[in-house]
file work_23.pdb (PDB, C-alpha atoms)
ATOM      1  CA  MET G   1      21.888  -6.794 -24.145
ATOM      2  CA  ASN G   2      19.143  -8.636 -22.252
ATOM      3  CA  LYS G   3      16.589  -7.159 -19.859
ATOM      4  CA  ALA G   4      18.560  -8.251 -16.829
ATOM      5  CA  ASP G   5      21.448  -6.078 -18.019
ATOM      6  CA  MET G   6      19.218  -3.021 -18.421
ATOM      7  CA  HIS G   7      17.203  -3.262 -15.218
ATOM      8  CA  PRO G   8      18.115  -3.483 -11.527
ATOM      9  CA  MET G   9      17.570  -7.086 -10.468
ATOM     10  CA  PRO G  10      17.009  -8.712  -7.077
ATOM     11  CA  LEU G  11      19.784 -10.919  -5.806
ATOM     12  CA  ASP G  12      19.171 -14.454  -7.029
ATOM     13  CA  SER G  13      18.436 -16.528  -3.920
ATOM     14  CA  GLY G  14      19.465 -19.623  -5.860
ATOM     15  CA  VAL G  15      22.969 -18.166  -6.044
ATOM     16  CA  VAL G  16      23.240 -15.771  -3.075
ATOM     17  CA  PRO G  17      21.650 -17.269   0.072
ATOM     18  CA  ARG G  18      18.782 -15.248   1.513
ATOM     19  CA  PHE G  19      20.578 -14.572   4.792
ATOM     20  CA  LEU G  20      23.473 -12.753   3.112
ATOM     21  CA  GLU G  21      23.780  -9.015   2.433
ATOM     22  CA  VAL G  22      21.912  -6.044   3.901
ATOM     23  CA  ALA G  23      18.111  -6.346   3.754
ATOM     24  CA  THR G  24      16.416  -4.289   1.035
ATOM     25  CA  PHE G  25      12.912  -4.583  -0.352
ATOM     26  CA  MET G  26      12.838  -7.835  -2.358
ATOM     27  CA  ARG G  27      16.686  -7.928  -2.345
ATOM     28  CA  LEU G  28      16.809  -5.138  -4.926
ATOM     29  CA  PRO G  29      19.672  -2.643  -5.198
ATOM     30  CA  ALA G  30      19.441   0.406  -2.924
ATOM     31  CA  TYR G  31      19.238   3.700  -4.837
ATOM     32  CA  LYS G  32      19.651   7.197  -3.424
ATOM     33  CA  SER G  33      17.358   8.658  -6.084
ATOM     34  CA  ALA G  34      14.354   7.518  -8.131
ATOM     35  CA  ALA G  35      15.818   9.125 -11.271
ATOM     36  CA  GLY G  36      15.647   6.641 -14.145
ATOM     37  CA  LEU G  37      13.387   4.241 -12.245
ATOM     38  CA  ASP G  38       9.852   3.196 -13.134
ATOM     39  CA  VAL G  39       8.941   2.091  -9.608
ATOM     40  CA  ALA G  40      10.438   3.226  -6.297
ATOM     41  CA  LEU G  41       9.983   1.027  -3.216
ATOM     42  CA  VAL G  42      10.023   3.259  -0.133
ATOM     43  CA  GLY G  43       9.798   2.849   3.621
ATOM     44  CA  VAL G  44       7.749   5.339   5.656
ATOM     45  CA  PRO G  45       8.719   4.715   9.314
ATOM     46  CA  PHE G  46       5.999   6.898  10.846
ATOM     47  CA  ASP G  47       3.492   6.093  13.606
ATOM     48  CA  LEU G  48       2.646   9.461  15.147
ATOM     49  CA  GLY G  49      -0.918   9.021  13.872
ATOM     50  CA  THR G  50      -1.695   5.927  15.940
ATOM     51  CA  THR G  51      -4.029   6.100  18.911
ATOM     52  CA  PHE G  52      -3.479   2.786  20.718
ATOM     53  CA  ARG G  53      -0.642   0.339  20.007
ATOM     54  CA  THR G  54       2.375   2.178  18.625
ATOM     55  CA  GLY G  55       5.418   0.756  16.856
ATOM     56  CA  ALA G  56       4.450   0.733  13.167
ATOM     57  CA  ARG G  57       7.475   2.985  12.573
ATOM     58  CA  HIS G  58       9.474  -0.247  12.705
ATOM     59  CA  GLY G  59       7.305  -1.898  10.037
ATOM     60  CA  PRO G  60       9.412  -1.004   6.976
ATOM     61  CA  ALA G  61      12.539  -2.574   8.459
ATOM     62  CA  GLN G  62      10.808  -5.856   9.240
ATOM     63  CA  ILE G  63       9.063  -5.940   5.857
ATOM     64  CA  ARG G  64      12.438  -5.507   4.174
ATOM     65  CA  GLU G  65      13.793  -8.399   6.220
ATOM     66  CA  MET G  66      10.885 -10.703   5.381
ATOM     67  CA  SER G  67      10.940  -9.712   1.717
ATOM     68  CA  ARG G  68      14.086 -11.849   1.412
ATOM     69  CA  PHE G  69      11.566 -14.616   0.653
ATOM     70  CA  ILE G  70      10.267 -12.911  -2.511
ATOM     71  CA  ARG G  71      11.385 -14.336  -5.855
ATOM     72  CA  ARG G  72      11.115 -12.842  -9.354
ATOM     73  CA  VAL G  73       8.006 -14.274 -11.039
ATOM     74  CA  ASN G  74       4.321 -14.150 -10.066
ATOM     75  CA  PRO G  75       3.209 -17.804  -9.816
ATOM     76  CA  PHE G  76      -0.343 -17.129 -11.058
ATOM     77  CA  THR G  77      -0.089 -14.314 -13.616
ATOM     78  CA  ALA G  78       3.489 -15.150 -14.748
ATOM     79  CA  VAL G  79       4.307 -11.416 -14.542
ATOM     80  CA  LYS G  80       8.032 -10.671 -14.208
ATOM     81  CA  PRO G  81       7.919  -7.172 -12.729
ATOM     82  CA  PHE G  82      11.688  -6.669 -12.564
ATOM     83  CA  GLU G  83      11.963  -7.301 -16.293
ATOM     84  CA  LEU G  84       8.972  -5.112 -17.171
ATOM     85  CA  CYS G  85      10.171  -2.134 -15.132
ATOM     86  CA  LYS G  86      13.195  -0.608 -13.478
ATOM     87  CA  VAL G  87      12.570  -1.097  -9.752
ATOM     88  CA  ALA G  88      14.780  -0.345  -6.749
ATOM     89  CA  ASP G  89      14.681   0.309  -3.011
ATOM     90  CA  CYS G  90      14.859   4.091  -2.559
ATOM     91  CA  GLY G  91      15.262   4.034   1.208
ATOM     92  CA  ASP G  92      13.109   5.666   3.859
ATOM     93  CA  THR G  93      11.415   9.025   3.949
ATOM     94  CA  PRO G  94      12.757  11.493   6.518
ATOM     95  CA  ILE G  95      10.693  11.751   9.710
ATOM     96  CA  ASN G  96      10.568  14.126  12.658
ATOM     97  CA  PRO G  97       9.572  11.763  15.487
ATOM     98  CA  LEU G  98       8.622  14.700  17.728
ATOM     99  CA  ASP G  99       6.374  16.513  15.253
ATOM    100  CA  LEU G 100       3.463  14.950  13.353
ATOM    101  CA  MET G 101       2.791  17.883  11.028
ATOM    102  CA  ASP G 102       6.461  18.365  10.172
ATOM    103  CA  SER G 103       6.700  14.646   9.413
ATOM    104  CA  LEU G 104       3.746  14.894   7.022
ATOM    105  CA  ARG G 105       5.548  17.754   5.251
ATOM    106  CA  LEU G 106       8.770  15.740   4.979
ATOM    107  CA  ILE G 107       6.960  12.681   3.629
ATOM    108  CA  THR G 108       5.075  14.786   1.090
ATOM    109  CA  GLU G 109       8.288  16.381  -0.181
ATOM    110  CA  PHE G 110       9.939  12.971  -0.536
ATOM    111  CA  PHE G 111       7.120  11.637  -2.713
ATOM    112  CA  GLU G 112       6.884  14.877  -4.670
ATOM    113  CA  GLU G 113      10.486  14.297  -5.721
ATOM    114  CA  ILE G 114       9.827  10.681  -6.690
ATOM    115  CA  HIS G 115       6.844  11.849  -8.746
ATOM    116  CA  ARG G 116       8.892  14.623 -10.364
ATOM    117  CA  GLN G 117      11.501  12.061 -11.370
ATOM    118  CA  GLY G 118       8.850  10.027 -13.149
ATOM    119  CA  ALA G 119       8.686   6.984 -10.867
ATOM    120  CA  CYS G 120       5.611   5.388  -9.306
ATOM    121  CA  PRO G 121       5.900   4.614  -5.574
ATOM    122  CA  ILE G 122       5.038   1.542  -3.580
ATOM    123  CA  ALA G 123       5.429   2.374   0.106
ATOM    124  CA  ALA G 124       5.681   0.333   3.278
ATOM    125  CA  GLY G 125       4.349   2.103   6.362
ATOM    126  CA  GLY G 126       4.110   3.167   9.022
ATOM    127  CA  ASP G 127       0.573   3.804  10.186
ATOM    128  CA  HIS G 128      -2.196   4.553   7.717
ATOM    129  CA  THR G 129      -1.839   8.313   8.110
ATOM    130  CA  VAL G 130       1.020   8.050   5.605
ATOM    131  CA  THR G 131      -1.258   7.565   2.603
ATOM    132  CA  LEU G 132      -2.299  11.220   2.859
ATOM    133  CA  PRO G 133       1.195  12.727   2.353
ATOM    134  CA  ILE G 134       1.960  10.114  -0.309
ATOM    135  CA  LEU G 135      -1.087  11.278  -2.265
ATOM    136  CA  ARG G 136      -0.146  14.918  -1.637
ATOM    137  CA  GLY G 137       3.117  14.081  -3.362
ATOM    138  CA  ILE G 138       1.722  12.266  -6.407
ATOM    139  CA  ALA G 139      -1.886  13.414  -6.942
ATOM    140  CA  LYS G 140      -1.824  17.209  -6.862
ATOM    141  CA  GLU G 141      -2.477  17.613 -10.592
ATOM    142  CA  ARG G 142      -5.538  15.323 -10.594
ATOM    143  CA  PRO G 143      -7.462  13.228  -8.099
ATOM    144  CA  VAL G 144      -6.905   9.480  -8.214
ATOM    145  CA  GLY G 145      -9.248   6.584  -7.781
ATOM    146  CA  LEU G 146      -8.626   4.516  -4.663
ATOM    147  CA  ILE G 147      -8.702   0.774  -3.968
ATOM    148  CA  HIS G 148      -8.695   0.551  -0.182
ATOM    149  CA  PHE G 149      -8.383  -2.768   1.697
ATOM    150  CA  ASP G 150      -9.049  -2.247   5.398
ATOM    151  CA  ALA G 151     -11.094  -3.295   8.402
ATOM    152  CA  HIS G 152     -11.831   0.395   9.040
ATOM    153  CA  PRO G 153     -13.049   3.159   6.715
ATOM    154  CA  ASP G 154     -10.558   5.788   8.007
ATOM    155  CA  THR G 155     -12.941   8.588   7.040
ATOM    156  CA  LEU G 156     -13.616  10.131  10.457
ATOM    157  CA  ASP G 157     -13.435  13.910  10.657
ATOM    158  CA  GLU G 158     -11.310  13.777  13.802
ATOM    159  CA  LEU G 159     -10.237  11.455  16.567
ATOM    160  CA  LEU G 160      -9.341  12.627  20.062
ATOM    161  CA  GLY G 161      -9.725  16.183  18.757
ATOM    162  CA  ASN G 162      -7.112  15.668  16.038
ATOM    163  CA  LYS G 163      -7.769  15.780  12.280
ATOM    164  CA  TYR G 164      -4.534  14.094  11.138
ATOM    165  CA  ASN G 165      -4.255  10.496  12.292
ATOM    166  CA  HIS G 166      -4.757   6.977  10.983
ATOM    167  CA  ALA G 167      -8.561   7.219  11.261
ATOM    168  CA  THR G 168      -8.917  10.307   9.022
ATOM    169  CA  PRO G 169      -6.617  10.177   5.919
ATOM    170  CA  PHE G 170      -9.229   9.407   3.285
ATOM    171  CA  ARG G 171     -11.602  12.134   4.419
ATOM    172  CA  ARG G 172      -8.709  14.607   4.239
ATOM    173  CA  GLY G 173      -7.731  13.217   0.840
ATOM    174  CA  VAL G 174     -11.199  13.844  -0.570
ATOM    175  CA  GLU G 175     -11.358  17.330   0.971
ATOM    176  CA  GLU G 176      -7.967  18.216  -0.537
ATOM    177  CA  GLY G 177      -8.974  17.018  -3.995
ATOM    178  CA  LEU G 178      -6.463  14.154  -4.001
ATOM    179  CA  ILE G 179      -9.031  11.321  -4.067
ATOM    180  CA  ASP G 180     -12.066  10.988  -6.325
ATOM    181  CA  PRO G 181     -14.665   9.494  -3.961
ATOM    182  CA  LYS G 182     -16.813   8.250  -6.845
ATOM    183  CA  ARG G 183     -13.838   6.183  -8.012
ATOM    184  CA  THR G 184     -13.082   4.868  -4.519
ATOM    185  CA  ILE G 185     -13.874   1.402  -3.200
ATOM    186  CA  GLN G 186     -13.281   0.214   0.368
ATOM    187  CA  ILE G 187     -13.075  -3.554   0.860
ATOM    188  CA  GLY G 188     -13.484  -5.710   3.967
ATOM    189  CA  ILE G 189     -14.893  -3.076   6.344
ATOM    190  CA  ARG G 190     -15.956  -4.610   9.647
ATOM    191  CA  GLY G 191     -15.524  -4.389  13.402
ATOM    192  CA  THR G 192     -17.236  -2.467  16.161
ATOM    193  CA  ARG G 193     -17.747   1.265  15.616
ATOM    194  CA  TYR G 194     -17.648   4.507  17.551
ATOM    195  CA  GLY G 195     -21.195   5.327  16.441
ATOM    196  CA  ASP G 196     -23.796   5.097  13.702
ATOM    197  CA  ASP G 197     -22.063   7.720  11.570
ATOM    198  CA  ASP G 198     -18.623   6.050  11.206
ATOM    199  CA  LEU G 199     -19.330   5.183   7.557
ATOM    200  CA  GLU G 200     -21.459   8.239   6.797
ATOM    201  CA  PHE G 201     -18.800  10.299   5.015
ATOM    202  CA  GLY G 202     -17.935   7.458   2.669
ATOM    203  CA  TYR G 203     -21.529   6.850   1.667
ATOM    204  CA  GLN G 204     -22.404  10.537   1.331
ATOM    205  CA  SER G 205     -19.313  11.358  -0.744
ATOM    206  CA  GLY G 206     -20.025   8.515  -3.181
ATOM    207  CA  MET G 207     -17.510   5.887  -2.087
ATOM    208  CA  ARG G 208     -18.356   2.238  -2.691
ATOM    209  CA  VAL G 209     -18.137   0.539   0.696
ATOM    210  CA  VAL G 210     -17.918  -3.265   0.626
ATOM    211  CA  THR G 211     -18.388  -4.557   4.150
ATOM    212  CA  MET G 212     -17.065  -7.982   5.064
ATOM    213  CA  ASP G 213     -20.596  -9.389   4.944
ATOM    214  CA  GLU G 214     -20.994  -8.158   1.364
ATOM    215  CA  PHE G 215     -17.489  -9.401   0.561
ATOM    216  CA  GLU G 216     -18.631 -12.913   1.403
ATOM    217  CA  ASP G 217     -21.812 -12.521  -0.645
ATOM    218  CA  LEU G 218     -19.927 -11.250  -3.703
ATOM    219  CA  GLY G 219     -17.047 -13.710  -3.525
ATOM    220  CA  ARG G 220     -13.614 -13.055  -4.981
ATOM    221  CA  LYS G 221     -14.742 -12.749  -8.606
ATOM    222  CA  GLY G 222     -17.538 -10.390  -7.647
ATOM    223  CA  VAL G 223     -15.174  -8.161  -5.672
ATOM    224  CA  ILE G 224     -12.724  -8.022  -8.593
ATOM    225  CA  ALA G 225     -15.511  -7.047 -10.973
ATOM    226  CA  GLU G 226     -16.780  -4.382  -8.589
ATOM    227  CA  ILE G 227     -13.317  -2.873  -8.119
ATOM    228  CA  LYS G 228     -12.841  -2.606 -11.885
ATOM    229  CA  ARG G 229     -16.299  -1.115 -12.342
ATOM    230  CA  VAL G 230     -15.739   1.550  -9.691
ATOM    231  CA  VAL G 231     -12.210   2.710 -10.568
ATOM    232  CA  GLY G 232     -12.653   2.488 -14.343
ATOM    233  CA  ALA G 233      -9.760   3.452 -16.608
ATOM    234  CA  GLY G 234      -8.460   6.449 -14.672
ATOM    235  CA  PRO G 235      -5.292   6.664 -12.538
ATOM    236  CA  THR G 236      -5.733   4.651  -9.363
ATOM    237  CA  PHE G 237      -3.835   4.140  -6.099
ATOM    238  CA  LEU G 238      -4.040   0.903  -4.068
ATOM    239  CA  THR G 239      -3.696   1.158  -0.290
ATOM    240  CA  PHE G 240      -3.665  -1.906   1.957
ATOM    241  CA  ASP G 241      -3.983  -1.657   5.725
ATOM    242  CA  ILE G 242      -2.644  -4.983   6.987
ATOM    243  CA  ASP G 243      -5.506  -5.120   9.523
ATOM    244  CA  GLY G 244      -7.712  -5.633   6.466
ATOM    245  CA  LEU G 245      -6.546  -9.250   6.716
ATOM    246  CA  ASP G 246      -8.016 -11.555   9.316
ATOM    247  CA  PRO G 247      -5.821 -11.479  12.466
ATOM    248  CA  THR G 248      -4.995 -15.157  11.957
ATOM    249  CA  CYS G 249      -3.021 -13.948   8.915
ATOM    250  CA  ALA G 250      -1.820 -10.659  10.390
ATOM    251  CA  PRO G 251      -1.644 -10.567  14.199
ATOM    252  CA  GLY G 252       1.074  -7.909  14.150
ATOM    253  CA  THR G 253      -0.965  -4.762  13.773
ATOM    254  CA  GLY G 254      -2.263  -1.999  15.998
ATOM    255  CA  VAL G 255      -6.019  -2.532  15.653
ATOM    256  CA  PRO G 256      -6.748  -6.165  14.665
ATOM    257  CA  GLU G 257     -10.359  -6.995  13.747
ATOM    258  CA  PRO G 258     -11.600 -10.613  13.673
ATOM    259  CA  GLY G 259     -13.595 -11.956  10.769
ATOM    260  CA  GLY G 260     -11.611 -10.638   7.800
ATOM    261  CA  PRO G 261     -10.458 -12.051   4.458
ATOM    262  CA  SER G 262      -7.622 -14.526   4.212
ATOM    263  CA  MET G 263      -4.286 -13.861   2.577
ATOM    264  CA  ARG G 264      -5.352 -16.203  -0.209
ATOM    265  CA  ASP G 265      -8.499 -14.116  -0.783
ATOM    266  CA  VAL G 266      -6.581 -10.878  -1.267
ATOM    267  CA  GLN G 267      -3.832 -12.483  -3.341
ATOM    268  CA  VAL G 268      -6.453 -13.695  -5.808
ATOM    269  CA  ILE G 269      -8.224 -10.331  -5.845
ATOM    270  CA  ILE G 270      -5.083  -8.247  -6.427
ATOM    271  CA  ARG G 271      -3.937 -10.651  -9.139
ATOM    272  CA  GLY G 272      -7.337 -10.135 -10.745
ATOM    273  CA  LEU G 273      -6.686  -6.395 -11.082
ATOM    274  CA  GLN G 274      -4.535  -6.749 -14.199
ATOM    275  CA  GLY G 275      -5.534  -3.920 -16.523
ATOM    276  CA  VAL G 276      -6.265  -1.400 -13.761
ATOM    277  CA  ASN G 277      -4.359   1.860 -14.339
ATOM    278  CA  LEU G 278      -2.338   1.808 -11.110
ATOM    279  CA  VAL G 279      -0.039   4.750 -10.336
ATOM    280  CA  GLY G 280       1.168   3.608  -6.907
ATOM    281  CA  GLY G 281       0.361   1.756  -3.726
ATOM    282  CA  ASP G 282       1.172   1.188  -0.081
ATOM    283  CA  VAL G 283       0.959  -1.449   2.651
ATOM    284  CA  CYS G 284       0.571  -0.052   6.160
ATOM    285  CA  GLU G 285       0.151  -0.765   9.871
ATOM    286  CA  VAL G 286       2.642  -3.623  10.355
ATOM    287  CA  LEU G 287       3.565  -3.690  14.045
ATOM    288  CA  PRO G 288       6.649  -5.906  14.559
ATOM    289  CA  ALA G 289       6.383  -5.973  18.358
ATOM    290  CA  ALA G 290       3.092  -7.870  18.046
ATOM    291  CA  ASP G 291       4.430 -10.151  15.299
ATOM    292  CA  PRO G 292       7.057 -12.393  16.929
ATOM    293  CA  LEU G 293       7.144 -14.940  14.077
ATOM    294  CA  GLY G 294       7.203 -12.315  11.331
ATOM    295  CA  MET G 295       4.070 -13.647   9.587
ATOM    296  CA  THR G 296       2.450 -10.212   9.317
ATOM    297  CA  ALA G 297       5.529  -8.676   7.718
ATOM    298  CA  LEU G 298       5.919 -11.703   5.419
ATOM    299  CA  ASN G 299       2.359 -11.212   4.194
ATOM    300  CA  ALA G 300       2.971  -7.473   3.820
ATOM    301  CA  ALA G 301       6.042  -8.159   1.674
ATOM    302  CA  ASN G 302       4.018 -10.508  -0.516
ATOM    303  CA  LEU G 303       1.258  -7.909  -0.849
ATOM    304  CA  MET G 304       3.847  -5.372  -1.994
ATOM    305  CA  PHE G 305       4.971  -7.874  -4.622
ATOM    306  CA  GLU G 306       1.394  -8.469  -5.804
ATOM    307  CA  ILE G 307       0.825  -4.712  -6.077
ATOM    308  CA  LEU G 308       4.147  -4.365  -7.896
ATOM    309  CA  CYS G 309       3.098  -6.940 -10.499
ATOM    310  CA  VAL G 310      -0.112  -5.028 -11.323
ATOM    311  CA  LEU G 311       1.710  -1.682 -11.280
ATOM    312  CA  ALA G 312       4.558  -2.935 -13.488
ATOM    313  CA  GLU G 313       2.082  -4.042 -16.155
ATOM    314  CA  ALA G 314       0.286  -0.695 -15.931
ATOM    315  CA  VAL G 315       3.570   1.205 -16.314
ATOM    316  CA  ALA G 316       4.582  -0.943 -19.284
ATOM    317  CA  LYS G 317       1.188  -0.381 -20.921
ATOM    318  CA  ARG G 318       1.424   3.391 -20.486
ATOM    319  CA  ARG G 319       4.926   3.323 -21.945
ATOM    320  CA  ARG G 320       3.643   1.624 -25.121
ATOM    321  CA  ARG G 321       1.064   4.341 -25.810
TER     322      ARG G 321
END
call {"tool": "encode", "arguments": {"input": "work_23.pdb", "output": "structure tokens"}}
result
Amino acid sequence: MNKADMHPMPLDSGVVPRFLEVATFMRLPAYKSAAGLDVALVGVPFDLGTTFRTGARHGPAQIREMSRFIRRVNPFTAVKPFELCKVADCGDTPINPLDLMDSLRLITEFFEEIHRQGACPIAAGGDHTVTLPILRGIAKERPVGLIHFDAHPDTLDELLGNKYNHATPFRRGVEEGLIDPKRTIQIGIRGTRYGDDDLEFGYQSGMRVVTMDEFEDLGRKGVIAEIKRVVGAGPTFLTFDIDGLDPTCAPGTGVPEPGGPSMRDVQVIIRGLQGVNLVGGDVCEVLPAADPLGMTALNAANLMFEILCVLAEAVAKRRRR
């Protein structure tokens, strides 16, 4: 029996044309449960935490559609994630579109079940609030390190008088003991700010904040080395806000910020994270209504694949221990 017989496999686009069949993440089989899986790909269609341009609730559907382009082998690392691990599309989390706090509870319970079943999640949001309930579901027994690509630090205490929104998840995550701030690195931070203290919590809690100016000084290799130094060997989650990319690569997002890294930059950096002990990841803030050509969702799908390749190797390494 070969690996293809043992593992769920994406439809082969050389045999089944990309435009056929219902869209799933990377053309994988759709599973009702994560039982028996190593990695669960999940949609989180939530945008009740946004404060300006809404519509990221439709992101998972468009990312699924654009992930029809994904093939089976990483062109740089030669990783074959679908052979290393059992991976499937486990659908969307439940959401209460009229209740933010109830939605956070529902999302948390969904990821708690995935974690209980022994699978690692890679999620497609949804606005960046969703990382908090994902971590509530998978990091209760120990805090995780965090690799955070974003234009914004998302560590405000509150916004518009509210403590649970897409500008606050990583402050809440530290306060709840889900994130180890000393094993957290934020990459690509830039853009105008509300005030002088926007980054204060990150610095004071011990996070490593790499602004876009420092990103350019370090270069890709320097950023990779710094990520590995900060997160070390412990369990680590990778979260990618699509507005971390320059808007020329990702116009379809709620709060675009000029002057960011290219898609090529972040592809190289994520590929350079082989050996990091990943336990999950997400890609957030895709706004289809502002993405008429689908380029933002296409890049999001490719980022999910890059994260999957690093995660699949980490899962396989842990299995061998």
call {"tool": "resolve_selection", "arguments": {"input": "work_23.pdb", "expression": "the PyMOL selection byres ((chain G and resi 124-131) around 6)", "output": "PDB file with C-alpha atoms, keeping the file's coordinate frame"}}
result
ATOM      1  CA  GLY G  43       9.798   2.849   3.621  1.00  0.00           C
ATOM      2  CA  VAL G  44       7.749   5.339   5.656  1.00  0.00           C
ATOM      3  CA  PRO G  45       8.719   4.715   9.314  1.00  0.00           C
ATOM      4  CA  PHE G  46       5.999   6.898  10.846  1.00  0.00           C
ATOM      5  CA  ASP G  47       3.492   6.093  13.606  1.00  0.00           C
ATOM      6  CA  GLY G  49      -0.918   9.021  13.872  1.00  0.00           C
ATOM      7  CA  ALA G  56       4.450   0.733  13.167  1.00  0.00           C
ATOM      8  CA  ARG G  57       7.475   2.985  12.573  1.00  0.00           C
ATOM      9  CA  PRO G  60       9.412  -1.004   6.976  1.00  0.00           C
ATOM     10  CA  ALA G 123       5.429   2.374   0.106  1.00  0.00           C
ATOM     11  CA  LEU G 132      -2.299  11.220   2.859  1.00  0.00           C
ATOM     12  CA  PRO G 133       1.195  12.727   2.353  1.00  0.00           C
ATOM     13  CA  ILE G 134       1.960  10.114  -0.309  1.00  0.00           C
ATOM     14  CA  ASN G 165      -4.255  10.496  12.292  1.00  0.00           C
ATOM     15  CA  HIS G 166      -4.757   6.977  10.983  1.00  0.00           C
ATOM     16  CA  PRO G 169      -6.617  10.177   5.919  1.00  0.00           C
ATOM     17  CA  ASP G 282       1.172   1.188  -0.081  1.00  0.00           C
ATOM     18  CA  VAL G 283       0.959  -1.449   2.651  1.00  0.00           C
ATOM     19  CA  CYS G 284       0.571  -0.052   6.160  1.00  0.00           C
ATOM     20  CA  GLU G 285       0.151  -0.765   9.871  1.00  0.00           C
TER      21      GLU G 285
END
call {"tool": "residues_around", "arguments": {"input": "work_23.pdb", "residues": "Val310 of chain G", "least_positions_apart": "2", "cutoff": "8 Å", "atoms": "all atoms listed in the file", "output": "ChimeraX atom specification"}}
result
/G:270-271,273-276,278,306-308,312-314
call {"tool": "resolve_selection", "arguments": {"input": "work_23.pdb", "expression": "the PyMOL selection byres ((chain G and resi 304) around 10)", "output": "list in words"}}
result
Phe25, Met26, Leu41, Ile63, Ser67, Ile70, Ile122, Ala123, Ala124, Phe240, Gly281, Asp282, Val283, Leu298, Asn299, Ala300, Ala301, Asn302, Leu303, Phe305, Glu306, Ile307, Leu308 and Cys309 of chain G
call {"tool": "residues_near_point", "arguments": {"input": "work_23.pdb", "point": "(-9.6, 7.3, 5.6)", "cutoff": "6 Å", "atoms": "only C-alpha atoms", "output": "compact mmCIF listing (two decimals) with C-alpha atoms, in the frame of the given file"}}
result
# COMPACT_ATOMS: atom_id res chain seq x y z
CA PRO G 153 -13.05 3.16 6.72
CA ASP G 154 -10.56 5.79 8.01
CA THR G 155 -12.94 8.59 7.04
CA ALA G 167 -8.56 7.22 11.26
CA THR G 168 -8.92 10.31 9.02
CA PRO G 169 -6.62 10.18 5.92
CA PHE G 170 -9.23 9.41 3.28
CA ARG G 171 -11.60 12.13 4.42
call {"tool": "resolve_selection", "arguments": {"input": "work_23.pdb", "expression": "the PyMOL selection byres ((chain G and resi 191-197) around 9)", "output": "list in words"}}
result
Ala151, His152, Leu156, Ile189, Arg190, Asp198, Leu199, Glu200, Phe201, Glu257, Pro258 and Gly259 of chain G
call {"tool": "atom_distance", "arguments": {"input": "work_23.pdb", "atom1": "atom CA of Val223 of chain G", "atom2": "atom CA of Val279 of chain G"}}
result
20.4 Å
call {"tool": "closest_residue", "arguments": {"input": "work_23.pdb", "among": "G:Val73, G:Val15, G:Leu48, G:Ile138", "to": "Leu98 of chain G", "atoms": "only C-alpha atoms"}}
result
G:Leu48
call {"tool": "residues_around", "arguments": {"input": "work_23.pdb", "residues": "segment 100-114 of chain G", "least_positions_apart": "2", "cutoff": "6 Å", "atoms": "all atoms listed in the file", "output": "ChimeraX atom specification"}}
result
/G:34,48,93,95-96,116-117,119,133-134,136-137
call {"tool": "closest_residue", "arguments": {"input": "work_23.pdb", "among": "G:Leu238, G:Ala30, G:Ala78, G:Met207", "to": "Phe149 of chain G", "atoms": "all atoms listed in the file"}}
result
G:Leu238
call {"tool": "closest_atom_pairs", "arguments": {"input": "work_23.pdb", "of": "segment 191-308 of chain G", "to": "segment 177-180 of chain G", "cutoff": "10 Å", "atoms": "all atoms listed in the file", "output": "tab-separated table"}}
result
residue	atom	partner	partner_atom	distance
G:Ser205	CA	G:Asp180	CA	9.2
G:Gly206	CA	G:Asp180	CA	8.9
G:Met207	CA	G:Asp180	CA	8.6
G:Val231	CA	G:Asp180	CA	9.3
G:Thr236	CA	G:Ile179	CA	9.1
G:Phe237	CA	G:Ile179	CA	9.1
call {"tool": "atom_distance", "arguments": {"input": "work_23.pdb", "atom1": "atom CA of Thr24 of chain G", "atom2": "atom CA of Gly91 of chain G"}}
result
8.4 Å
